[in-house]
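Asker: Hey, dropping final02.tsv in here, TSV, C-alpha atoms and all ligand atoms:
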```tsv
chain	number	residue	atom	x	y	z
A	24	MET	CA	5.03	7.66	3.05
A	25	HIS	CA	8.44	7.13	4.66
A	26	ALA	CA	10.02	8.82	1.66
A	27	ILE	CA	7.74	11.85	1.99
A	28	VAL	CA	8.60	12.28	5.67
A	29	LEU	CA	12.36	11.87	5.12
A	30	SER	CA	12.30	14.18	2.14
A	31	GLU	CA	10.31	16.78	4.09
A	32	PHE	CA	13.07	16.72	6.72
A	33	GLY	CA	15.64	17.46	4.03
A	34	HIS	CA	17.13	14.00	3.45
A	35	ASP	CA	18.03	12.60	0.04
A	36	VAL	CA	15.76	9.66	-0.77
A	37	HIS	CA	16.10	6.90	-3.33
A	38	ILE	CA	13.16	4.51	-3.82
A	39	LEU	CA	13.58	1.26	-5.72
A	40	GLU	CA	10.45	-0.63	-6.85
A	41	GLN	CA	10.49	-3.81	-8.90
A	42	LYS	CA	7.10	-3.27	-10.57
A	43	THR	CA	6.65	-1.24	-13.73
A	44	GLU	CA	4.72	2.05	-13.76
A	45	ALA	CA	1.87	0.26	-15.58
A	46	GLN	CA	1.70	-2.49	-12.94
A	47	LEU	CA	1.63	0.05	-10.13
A	48	ASP	CA	-1.16	1.93	-11.83
A	49	ARG	CA	-3.23	-1.27	-11.97
A	50	GLU	CA	-3.01	-2.04	-8.24
A	51	ALA	CA	-6.60	-2.37	-7.07
A	52	ALA	CA	-7.46	-2.38	-3.43
A	53	GLY	CA	-9.72	-0.58	-1.05
A	54	LEU	CA	-7.93	0.88	1.94
A	55	SER	CA	-9.11	2.35	5.15
A	56	ALA	CA	-7.99	5.99	5.45
A	57	GLY	CA	-8.19	6.15	9.22
A	58	PRO	CA	-7.18	8.97	11.58
A	59	ASP	CA	-3.43	8.25	11.19
A	60	MET	CA	-3.65	8.42	7.40
A	61	GLN	CA	-5.71	11.61	7.57
A	62	ALA	CA	-3.20	13.20	9.97
A	63	PHE	CA	-0.35	12.23	7.64
A	64	ILE	CA	-2.09	13.72	4.60
A	65	ASN	CA	-3.04	16.91	6.46
A	66	ARG	CA	0.56	17.39	7.53
A	67	PHE	CA	2.51	16.35	4.45
A	68	VAL	CA	0.29	16.71	1.37
A	69	LYS	CA	-0.25	20.21	0.07
A	70	ASP	CA	-3.85	20.88	-1.03
A	71	PRO	CA	-4.98	17.23	-1.09
A	72	LYS	CA	-7.77	16.46	-3.55
A	73	ALA	CA	-10.78	14.45	-2.35
A	74	TYR	CA	-9.36	11.02	-1.56
A	75	SER	CA	-11.90	9.16	0.54
A	76	ILE	CA	-15.57	8.38	1.00
A	77	ALA	CA	-17.46	7.92	4.25
A	78	ILE	CA	-18.81	4.54	5.31
A	79	ASP	CA	-21.77	5.16	7.60
A	80	THR	CA	-23.44	1.74	7.54
A	81	ILE	CA	-22.04	-1.70	8.26
A	82	THR	CA	-24.09	-4.70	7.16
A	83	VAL	CA	-23.25	-8.27	8.10
A	84	LEU	CA	-24.79	-11.02	5.93
A	85	ASP	CA	-25.18	-14.63	7.01
A	86	GLU	CA	-24.11	-17.58	4.85
A	87	GLU	CA	-27.43	-17.43	2.97
A	88	GLY	CA	-26.91	-13.75	2.09
A	89	ARG	CA	-29.56	-12.52	4.56
A	90	THR	CA	-28.89	-9.44	6.69
A	91	ASP	CA	-27.79	-10.65	10.11
A	92	VAL	CA	-26.71	-7.41	11.74
A	93	GLN	CA	-26.74	-3.83	10.51
A	94	PHE	CA	-25.49	-0.79	12.39
A	95	LYS	CA	-24.10	2.71	12.07
A	96	PRO	CA	-20.57	3.07	13.48
A	97	PRO	CA	-20.23	5.86	16.08
A	98	THR	CA	-17.89	7.73	13.71
A	99	PRO	CA	-18.18	7.12	9.96
A	100	GLY	CA	-15.04	5.39	8.62
A	101	ARG	CA	-13.15	6.99	5.74
A	102	TYR	CA	-12.15	4.67	2.89
A	103	SER	CA	-9.97	5.20	-0.12
A	104	THR	CA	-8.15	3.10	-2.71
A	105	TRP	CA	-4.52	2.11	-3.13
A	106	THR	CA	-4.28	3.90	-6.50
A	107	THR	CA	-5.78	7.15	-5.21
A	108	LEU	CA	-3.33	7.34	-2.32
A	109	TYR	CA	-0.39	6.14	-4.42
A	110	ARG	CA	-0.94	8.84	-7.08
A	111	MET	CA	-1.31	11.53	-4.43
A	112	PHE	CA	1.92	10.48	-2.68
A	113	ARG	CA	3.84	10.19	-5.97
A	114	GLU	CA	2.74	13.72	-6.85
A	115	THR	CA	3.82	14.98	-3.42
A	116	LEU	CA	7.26	13.43	-3.89
A	117	ALA	CA	7.54	14.81	-7.43
A	118	ASN	CA	6.66	18.32	-6.21
A	119	ASN	CA	9.50	18.35	-3.71
A	120	VAL	CA	11.05	21.82	-3.81
A	121	ARG	CA	13.51	21.54	-0.93
A	122	GLY	CA	16.58	20.99	-3.05
A	123	ASN	CA	17.32	17.52	-1.69
A	124	THR	CA	17.38	14.60	-4.13
A	125	VAL	CA	14.27	12.46	-4.43
A	126	LEU	CA	14.47	9.54	-6.85
A	127	TYR	CA	11.62	7.10	-7.48
A	128	GLU	CA	12.72	4.34	-9.81
A	129	THR	CA	10.47	1.55	-11.05
A	130	SER	CA	11.47	-1.79	-12.67
A	131	MET	CA	14.39	-1.99	-10.23
A	132	PHE	CA	14.80	-5.31	-8.45
A	133	VAL	CA	16.75	-5.12	-5.17
A	134	SER	CA	18.92	-8.24	-4.93
A	135	LYS	CA	21.05	-7.60	-1.83
A	136	THR	CA	21.30	-5.27	1.14
A	137	TYR	CA	24.26	-5.19	3.54
A	138	HIS	CA	26.04	-2.82	5.88
A	139	ASN	CA	29.65	-2.09	6.64
A	140	ASN	CA	31.04	0.51	9.04
A	141	GLY	CA	27.67	2.23	9.38
A	142	VAL	CA	27.04	2.50	5.65
A	143	PHE	CA	24.33	0.48	3.94
A	144	THR	CA	24.76	-0.75	0.40
A	145	VAL	CA	21.81	-1.83	-1.74
A	146	LYS	CA	22.48	-3.78	-4.92
A	147	TYR	CA	19.77	-3.76	-7.55
A	148	ARG	CA	19.07	-4.83	-11.10
A	149	ASP	CA	17.38	-2.75	-13.77
A	150	CYS	CA	14.72	-5.18	-15.05
A	151	GLN	CA	14.57	-3.41	-18.45
A	152	ASN	CA	18.20	-3.92	-19.44
A	153	GLU	CA	19.57	-6.26	-16.71
A	154	ALA	CA	22.21	-3.67	-15.69
A	155	ILE	CA	23.41	-4.05	-12.09
A	156	HIS	CA	23.72	-0.96	-9.89
A	157	GLU	CA	24.37	-0.17	-6.27
A	158	VAL	CA	23.57	2.75	-4.01
A	159	GLN	CA	24.81	3.60	-0.54
A	160	GLY	CA	23.04	5.34	2.30
A	161	ASP	CA	22.83	5.91	6.06
A	162	MET	CA	19.52	4.12	6.39
A	163	VAL	CA	17.59	1.47	4.46
A	164	ILE	CA	13.85	0.95	4.91
A	165	GLY	CA	12.90	-2.44	3.54
A	166	THR	CA	9.21	-2.08	2.66
A	167	ASP	CA	9.33	-5.00	0.26
A	168	GLY	CA	6.45	-6.97	1.65
A	169	GLY	CA	5.80	-10.13	3.63
A	170	ARG	CA	8.59	-12.09	1.96
A	171	SER	CA	11.01	-9.20	2.29
A	172	GLY	CA	14.39	-9.84	0.66
A	173	ALA	CA	15.84	-6.88	2.60
A	174	ARG	CA	14.86	-8.55	5.87
A	175	THR	CA	16.34	-11.88	4.76
A	176	SER	CA	19.57	-10.12	3.77
A	177	LEU	CA	19.93	-8.30	7.08
A	178	VAL	CA	18.32	-10.83	9.45
A	179	PRO	CA	18.88	-14.21	7.75
A	180	ASP	CA	17.34	-16.15	10.67
A	181	SER	CA	13.92	-14.53	10.26
A	182	ILE	CA	11.57	-16.97	8.57
A	183	PRO	CA	8.00	-15.90	7.68
A	184	GLN	CA	5.37	-18.09	9.32
A	185	TYR	CA	1.95	-18.90	7.90
A	186	ALA	CA	-0.60	-16.95	9.96
A	187	GLY	CA	-3.37	-19.47	9.37
A	188	TYR	CA	-5.46	-17.58	6.87
A	189	VAL	CA	-5.40	-16.57	3.21
A	190	LEU	CA	-6.67	-13.34	1.67
A	191	TRP	CA	-7.89	-12.77	-1.87
A	192	ARG	CA	-8.50	-9.43	-3.43
A	193	GLY	CA	-10.97	-8.96	-6.26
A	194	VAL	CA	-12.24	-6.06	-8.29
A	195	VAL	CA	-15.31	-5.53	-10.48
A	196	ARG	CA	-15.59	-2.80	-13.09
A	197	GLU	CA	-18.09	-0.20	-11.92
A	198	ASN	CA	-19.88	-0.21	-15.31
A	199	LEU	CA	-20.63	-3.95	-14.89
A	200	VAL	CA	-22.44	-3.41	-11.60
A	201	SER	CA	-26.21	-2.84	-11.65
A	202	ASP	CA	-27.64	0.44	-10.37
A	203	GLU	CA	-29.44	-1.48	-7.64
A	204	THR	CA	-26.18	-3.01	-6.37
A	205	LYS	CA	-24.37	0.33	-6.55
A	206	GLU	CA	-27.14	1.95	-4.54
A	207	PHE	CA	-26.98	-0.83	-1.94
A	208	LEU	CA	-23.18	-0.62	-1.60
A	209	ALA	CA	-22.92	3.19	-1.53
A	210	ASN	CA	-21.40	4.41	1.75
A	211	ARG	CA	-21.74	0.92	3.18
A	212	MET	CA	-19.36	-1.84	4.16
A	213	VAL	CA	-20.75	-5.34	3.69
A	214	MET	CA	-19.32	-8.33	5.47
A	215	ALA	CA	-20.62	-11.57	3.99
A	216	ARG	CA	-19.97	-14.62	6.14
A	217	THR	CA	-19.00	-17.90	4.52
A	218	LYS	CA	-18.46	-21.29	6.13
A	219	ASP	CA	-14.83	-20.72	7.13
A	220	GLY	CA	-14.31	-17.01	6.57
A	221	TYR	CA	-15.90	-13.87	5.22
A	222	SER	CA	-15.69	-11.38	2.37
A	223	LEU	CA	-15.63	-7.62	2.72
A	224	SER	CA	-16.72	-4.99	0.25
A	301	LIG	C1	-6.32	-9.03	0.04
A	301	LIG	C2	-5.65	-8.05	0.96
A	301	LIG	C3	-6.40	-6.98	1.46
A	301	LIG	C4	-5.81	-6.06	2.33
A	301	LIG	N1	-6.57	-5.02	2.77
A	301	LIG	C5	-6.02	-4.09	3.56
A	301	LIG	C6	-6.79	-2.95	3.99
A	301	LIG	O1	-7.95	-2.79	3.65
A	301	LIG	N2	-6.18	-2.04	4.78
A	301	LIG	C7	-4.87	-2.18	5.17
A	301	LIG	O2	-4.36	-1.30	5.87
A	301	LIG	N3	-4.14	-3.25	4.79
A	301	LIG	C8	-4.67	-4.19	4.00
A	301	LIG	N4	-3.92	-5.26	3.60
A	301	LIG	C9	-2.56	-5.40	4.09
A	301	LIG	C10	-1.64	-4.47	3.34
A	301	LIG	O3	-1.79	-4.67	1.94
A	301	LIG	C11	-0.19	-4.80	3.76
A	301	LIG	O4	-0.09	-4.77	5.16
A	301	LIG	C12	0.73	-3.75	3.20
A	301	LIG	O5	0.58	-3.71	1.80
A	301	LIG	C13	2.17	-4.09	3.52
A	301	LIG	O6	2.95	-3.04	2.99
A	301	LIG	P1	4.44	-3.26	2.58
A	301	LIG	O7	4.91	-1.96	1.99
A	301	LIG	O8	5.21	-3.87	3.69
A	301	LIG	O9	4.41	-4.39	1.43
A	301	LIG	P2	3.68	-4.41	0.02
A	301	LIG	O10	2.46	-3.58	-0.04
A	301	LIG	O11	3.59	-5.87	-0.33
A	301	LIG	O12	4.72	-3.70	-0.93
A	301	LIG	C14	5.95	-4.30	-1.21
A	301	LIG	C15	6.48	-3.62	-2.44
A	301	LIG	O13	7.84	-3.97	-2.57
A	301	LIG	C16	8.08	-4.37	-3.91
A	301	LIG	N5	9.18	-5.33	-3.87
A	301	LIG	C17	9.18	-6.59	-3.34
A	301	LIG	N6	10.38	-7.17	-3.48
A	301	LIG	C18	11.17	-6.25	-4.11
A	301	LIG	C19	12.54	-6.25	-4.54
A	301	LIG	N7	13.33	-7.32	-4.35
A	301	LIG	N8	13.01	-5.14	-5.16
A	301	LIG	C20	12.22	-4.06	-5.36
A	301	LIG	N9	10.93	-4.00	-4.98
A	301	LIG	C21	10.41	-5.08	-4.36
A	301	LIG	C22	6.78	-4.99	-4.40
A	301	LIG	O14	6.70	-4.94	-5.80
A	301	LIG	C23	5.75	-4.09	-3.72
A	301	LIG	O15	5.42	-2.96	-4.49
A	301	LIG	C24	-4.47	-6.20	2.72
A	301	LIG	C25	-3.69	-7.25	2.19
A	301	LIG	C26	-4.28	-8.16	1.32
A	301	LIG	C27	-3.45	-9.28	0.74
```
Take the structure in the file and give it back as structure tokens.
Ligand SMILES: Cc1cc2nc3c(=O)[nH]c(=O)nc-3n(C[C@H](O)[C@H](O)[C@H](O)COP(=O)(O)OP(=O)(O)OC[C@H]3O[C@@H](n4cnc5c(N)ncnc54)[C@H](O)[C@@H]3O)c2cc1C

Answerer:
Amino acid sequence: MHAIVLSEFGHDVHILEQKTEAQLDREAAGLSAGPDMQAFINRFVKDPKAYSIAIDTITVLDEEGRTDVQFKPPTPGRYSTWTTLYRMFRETLANNVRGNTVLYETSMFVSKTYHNNGVFTVKYRDCQNEAIHEVQGDMVIGTDGGRSGARTSLVPDSIPQYAGYVLWRGVVRENLVSDETKEFLANRMVMARTKDGYSLS
């Protein structure tokens, strides 16, 4: 998303991602496509295809699986998936016609980021052939996750702290789900309480 905005404003952009194309295509996660996401897509994505569904019922189950609370949110939430949004944004970047350079490279592991006299240098390794490269720029955005190597490079004192909870993400193939379950889950978010936490679908 940062790359789309910068590219739209005419900047050259170079994205380095350690995962392979195949790994990225297998990312499975539901994502809320709230008002900010919708505003971003309306502004930056040309002719967006359908990318979200409406959730108009929220059901909370108790530890025994019985319905505890059920309600309709005042405004239906819009939900999408990581892959749907990722493909749409990749296509937007690929369709850049402004003349500036937009590079999206996968299987590239960033090993070091540093700055000197206002210029940032990013060193990275091509995971396919182990070749080492570097690229320079005016700005680096380190969106490399919770254990960000870019952050450690630039702010060595920052140490991630355990927030006190753990999240798991799971996925079930749609063809393995019964019609009855599909019907129950359609346009609905279910929060199932457990002893020390909850699961969301
Ligand atoms: C189970 C679970 C469910 C979640 N559900 C939601 C949700 O419903 N809605 C929501 O808004 N958020 C959700 N989140 C949170 C959301 O996933 C994170 O806040 C968000 O992904 C953080 O984005 P990011 O770009 O900083 O890092 P990430 O999404 O972790 O992306 C980091 C990327 O950087 C790459 N990378 C890492 N190191 C390097 C390196 N050295 N060189 C090159 N590339 C590198 C990684 O391969 C990865 O692709 C959920 C998180 C979890 C774990």

Asker: Just to confirm, what's the straight-line distance from CA of Gln184 in chain A to atom N5 of ligand LIG 301 (chain A) in Å (one decimal)?

Answerer: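 Those two atoms sit 18.7 Å apart.
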
Asker: Show me which residues sit within 6 Å of ligand LIG 301 (chain A) when counting only C-alpha atoms and all ligand atoms, and put them as a PyMOL selection string.

Answerer: chain A and resi 39-42+53-55+131-134+166-168+172+190-192

Asker: As an exercise, work out the distance from CA of Gly122 in chain A to CA of His25 in chain A in Å and give it to one decimal place.

Answerer: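 Between these atoms lies a distance of 17.8 Å.
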
Asker: When you look at range 73-86 of chain A with a cut-off of 7 Å (counting all atoms listed in the file), what residues show up, excluding the ones that are within fewer than 5 positions of it in the same chain? I need them as a list of chain:residue names.

Answerer: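 Using all atoms listed in the file, the neighbours found are A:Asp91, A:Val92, A:Gln93, A:Phe94, A:Lys95, A:Pro96, A:Pro99, A:Gly100, A:Arg101, A:Tyr102, A:Ser103, A:Thr107, A:Asn210, A:Arg211, A:Met212, A:Val213, A:Met214, A:Ala215, A:Arg216, A:Thr217, A:Lys218.
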
Asker: Report, in Å to a single decimal, how far apart CA of Tyr109 in chain A and CA of Tyr147 in chain A are.

Answerer: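 Between these atoms lies a distance of 22.7 Å.
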
Asker: Can you work out which one of A:His37, A:Arg49, A:Arg89, A:Lys72 has the shortest atom-to-atom distance to Val163 in chain A, counting only C-alpha atoms?

Answerer: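 Ranked by minimum distance to Val163 in chain A, first place goes to A:His37.
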
Asker: Select, from A:Asn123, A:Gln159, A:Ser30, A:Asn139, the residue with the minimum atom-to-atom distance to Phe67 in chain A, counting all atoms listed in the file.

Answerer: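 So, comparing all the options, the nearest one is A:Ser30.
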
Asker: Excluding same-chain residues fewer than 3 positions from Tyr188 in chain A, what lies within 10 Å of it counting all atoms listed in the file, as a ChimeraX atom specification?

Answerer: /A:185,219-220

Asker: Give the answer as one residue: which of A:Ser224, A:Thr43, A:Ser181, A:Thr106 has the shortest atom-to-atom distance to Gly193 in chain A, using all atoms listed in the file?

Answerer: A:Ser224

Asker: Here is a test: counting all atoms listed in the file, which residue of A:Pro179, A:Gly160, A:Pro97, A:Gly57 is nearest to Thr144 in chain A?

Answerer: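 Among the listed residues, A:Gly160 lies closest to Thr144 in chain A.
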
Asker: Give as a list in words each residue that has an atom at most 9 Å from (19.9, -2.2, 5.5) in the file, counting all atoms listed in the file.

Answerer: Thr136, Tyr137, His138, Val142, Phe143, Thr144, Val145, Gly160, Asp161, Met162, Val163, Ile164, Gly165, Ala173, Arg174, Ser176 and Leu177 of chain A

Asker: Write out the residues from the selection above, keeping C-alpha atoms, as a short mmCIF file (atom, residue, chain, number, x, y, z; two decimals), keeping the file's coordinate frame.

Answerer:
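selection.cif, written as the output of this step:
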```cif
data_model
loop_
_atom_site.label_atom_id
_atom_site.label_comp_id
_atom_site.auth_asym_id
_atom_site.auth_seq_id
_atom_site.Cartn_x
_atom_site.Cartn_y
_atom_site.Cartn_z
CA THR A 136 21.30 -5.27 1.14
CA TYR A 137 24.26 -5.19 3.54
CA HIS A 138 26.04 -2.82 5.88
CA VAL A 142 27.04 2.50 5.65
CA PHE A 143 24.33 0.48 3.94
CA THR A 144 24.76 -0.75 0.40
CA VAL A 145 21.81 -1.83 -1.74
CA GLY A 160 23.04 5.34 2.30
CA ASP A 161 22.83 5.91 6.06
CA MET A 162 19.52 4.12 6.39
CA VAL A 163 17.59 1.47 4.46
CA ILE A 164 13.85 0.95 4.91
CA GLY A 165 12.90 -2.44 3.54
CA ALA A 173 15.84 -6.88 2.60
CA ARG A 174 14.86 -8.55 5.87
CA SER A 176 19.57 -10.12 3.77
CA LEU A 177 19.93 -8.30 7.08
#
```

Asker: Restricted to C-alpha atoms, what does range 104-216 of chain A look like when written out as a short mmCIF file (atom, residue, chain, number, x, y, z; two decimals), in the first residue's frame?

Answerer:
```
data_model
loop_
_atom_site.label_atom_id
_atom_site.label_comp_id
_atom_site.auth_asym_id
_atom_site.auth_seq_id
_atom_site.Cartn_x
_atom_site.Cartn_y
_atom_site.Cartn_z
CA THR A 104 -8.83 -11.96 2.54
CA TRP A 105 -5.11 -11.32 2.46
CA THR A 106 -4.75 -12.98 -0.95
CA THR A 107 -7.59 -11.02 -2.53
CA LEU A 108 -6.13 -7.68 -1.43
CA TYR A 109 -2.55 -8.73 -2.19
CA ARG A 110 -3.41 -9.71 -5.79
CA MET A 111 -5.35 -6.50 -6.33
CA PHE A 112 -2.48 -4.35 -5.04
CA ARG A 113 0.14 -6.28 -7.04
CA GLU A 114 -1.93 -5.70 -10.18
CA THR A 115 -2.24 -2.00 -9.37
CA LEU A 116 1.54 -1.73 -9.00
CA ALA A 117 2.13 -3.71 -12.20
CA ASN A 118 -0.24 -1.43 -14.13
CA ASN A 119 1.71 1.68 -13.19
CA VAL A 120 1.86 3.89 -16.28
CA ARG A 121 3.50 6.99 -14.81
CA GLY A 122 6.97 6.30 -16.12
CA ASN A 123 8.59 5.99 -12.70
CA THR A 124 10.28 2.69 -11.80
CA VAL A 125 8.33 0.18 -9.74
CA LEU A 126 10.16 -3.03 -8.86
CA TYR A 127 8.63 -5.84 -6.79
CA GLU A 128 11.18 -8.54 -6.13
CA THR A 129 10.46 -11.76 -4.24
CA SER A 130 12.97 -14.23 -2.70
CA MET A 131 15.10 -11.25 -1.62
CA PHE A 132 16.26 -11.30 1.99
CA VAL A 133 17.17 -7.88 3.40
CA SER A 134 20.21 -8.32 5.66
CA LYS A 135 21.16 -4.75 6.58
CA THR A 136 19.83 -1.21 6.41
CA TYR A 137 21.89 1.88 7.23
CA HIS A 138 22.08 5.56 6.40
CA ASN A 139 24.88 7.95 5.64
CA ASN A 140 24.62 11.63 4.73
CA GLY A 141 20.88 11.38 4.13
CA VAL A 142 21.09 8.35 1.86
CA PHE A 143 19.79 4.96 2.94
CA THR A 144 21.46 1.78 1.79
CA VAL A 145 19.71 -1.59 1.91
CA LYS A 146 21.78 -4.74 1.51
CA TYR A 147 19.95 -7.86 0.42
CA ARG A 148 20.55 -11.43 -0.67
CA ASP A 149 18.90 -13.18 -3.58
CA CYS A 150 17.69 -16.42 -1.94
CA GLN A 151 17.72 -18.27 -5.30
CA ASN A 152 21.41 -17.84 -6.08
CA GLU A 153 22.85 -16.29 -2.87
CA ALA A 154 24.04 -13.19 -4.79
CA ILE A 155 24.41 -10.09 -2.60
CA HIS A 156 23.04 -6.75 -3.84
CA GLU A 157 22.48 -3.30 -2.48
CA VAL A 158 20.16 -0.45 -3.36
CA GLN A 159 20.15 3.17 -2.24
CA GLY A 160 17.25 5.51 -1.67
CA ASP A 161 15.96 8.63 0.10
CA MET A 162 13.55 6.69 2.28
CA VAL A 163 13.24 3.14 3.61
CA ILE A 164 9.96 1.75 4.92
CA GLY A 165 10.67 -1.34 6.99
CA THR A 166 7.42 -3.32 6.82
CA ASP A 167 9.17 -6.55 7.73
CA GLY A 168 6.96 -7.58 10.60
CA GLY A 169 7.07 -7.82 14.37
CA ARG A 170 10.69 -8.95 14.49
CA SER A 171 11.73 -6.33 11.97
CA GLY A 172 15.39 -6.55 10.95
CA ALA A 173 15.15 -3.04 9.47
CA ARG A 174 14.12 -1.68 12.86
CA THR A 175 16.93 -3.56 14.62
CA SER A 176 19.43 -2.19 12.09
CA LEU A 177 18.30 1.41 12.50
CA VAL A 178 17.22 1.39 16.16
CA PRO A 179 19.36 -1.33 17.78
CA ASP A 180 17.99 -0.62 21.27
CA SER A 181 14.42 -1.52 20.34
CA ILE A 182 13.59 -4.96 21.69
CA PRO A 183 10.20 -6.56 20.94
CA GLN A 184 8.24 -7.40 24.09
CA TYR A 185 5.79 -10.26 24.50
CA ALA A 186 2.30 -8.74 24.57
CA GLY A 187 0.86 -11.52 26.71
CA TYR A 188 -1.11 -13.39 24.11
CA VAL A 189 -0.56 -15.73 21.17
CA LEU A 190 -2.53 -15.88 17.92
CA TRP A 191 -2.99 -18.86 15.62
CA ARG A 192 -4.40 -18.71 12.16
CA GLY A 193 -6.12 -21.67 10.56
CA VAL A 194 -7.85 -22.37 7.30
CA VAL A 195 -10.29 -25.05 6.13
CA ARG A 196 -10.92 -25.87 2.49
CA GLU A 197 -14.39 -24.71 1.52
CA ASN A 198 -15.20 -28.08 -0.13
CA LEU A 199 -14.61 -29.85 3.22
CA VAL A 200 -17.22 -27.75 5.01
CA SER A 201 -20.81 -29.02 5.17
CA ASP A 202 -23.60 -27.02 3.55
CA GLU A 203 -25.17 -26.54 6.97
CA THR A 204 -21.97 -24.98 8.37
CA LYS A 205 -21.52 -22.79 5.29
CA GLU A 206 -25.07 -21.55 5.64
CA PHE A 207 -24.53 -20.80 9.34
CA LEU A 208 -21.27 -18.91 8.72
CA ALA A 209 -22.44 -16.91 5.69
CA ASN A 210 -22.29 -13.16 6.36
CA ARG A 211 -21.67 -13.87 10.02
CA MET A 212 -18.74 -13.48 12.38
CA VAL A 213 -18.61 -16.09 15.13
CA MET A 214 -16.64 -15.57 18.30
CA ALA A 215 -16.28 -18.81 20.25
CA ARG A 216 -15.08 -18.34 23.81
#
```
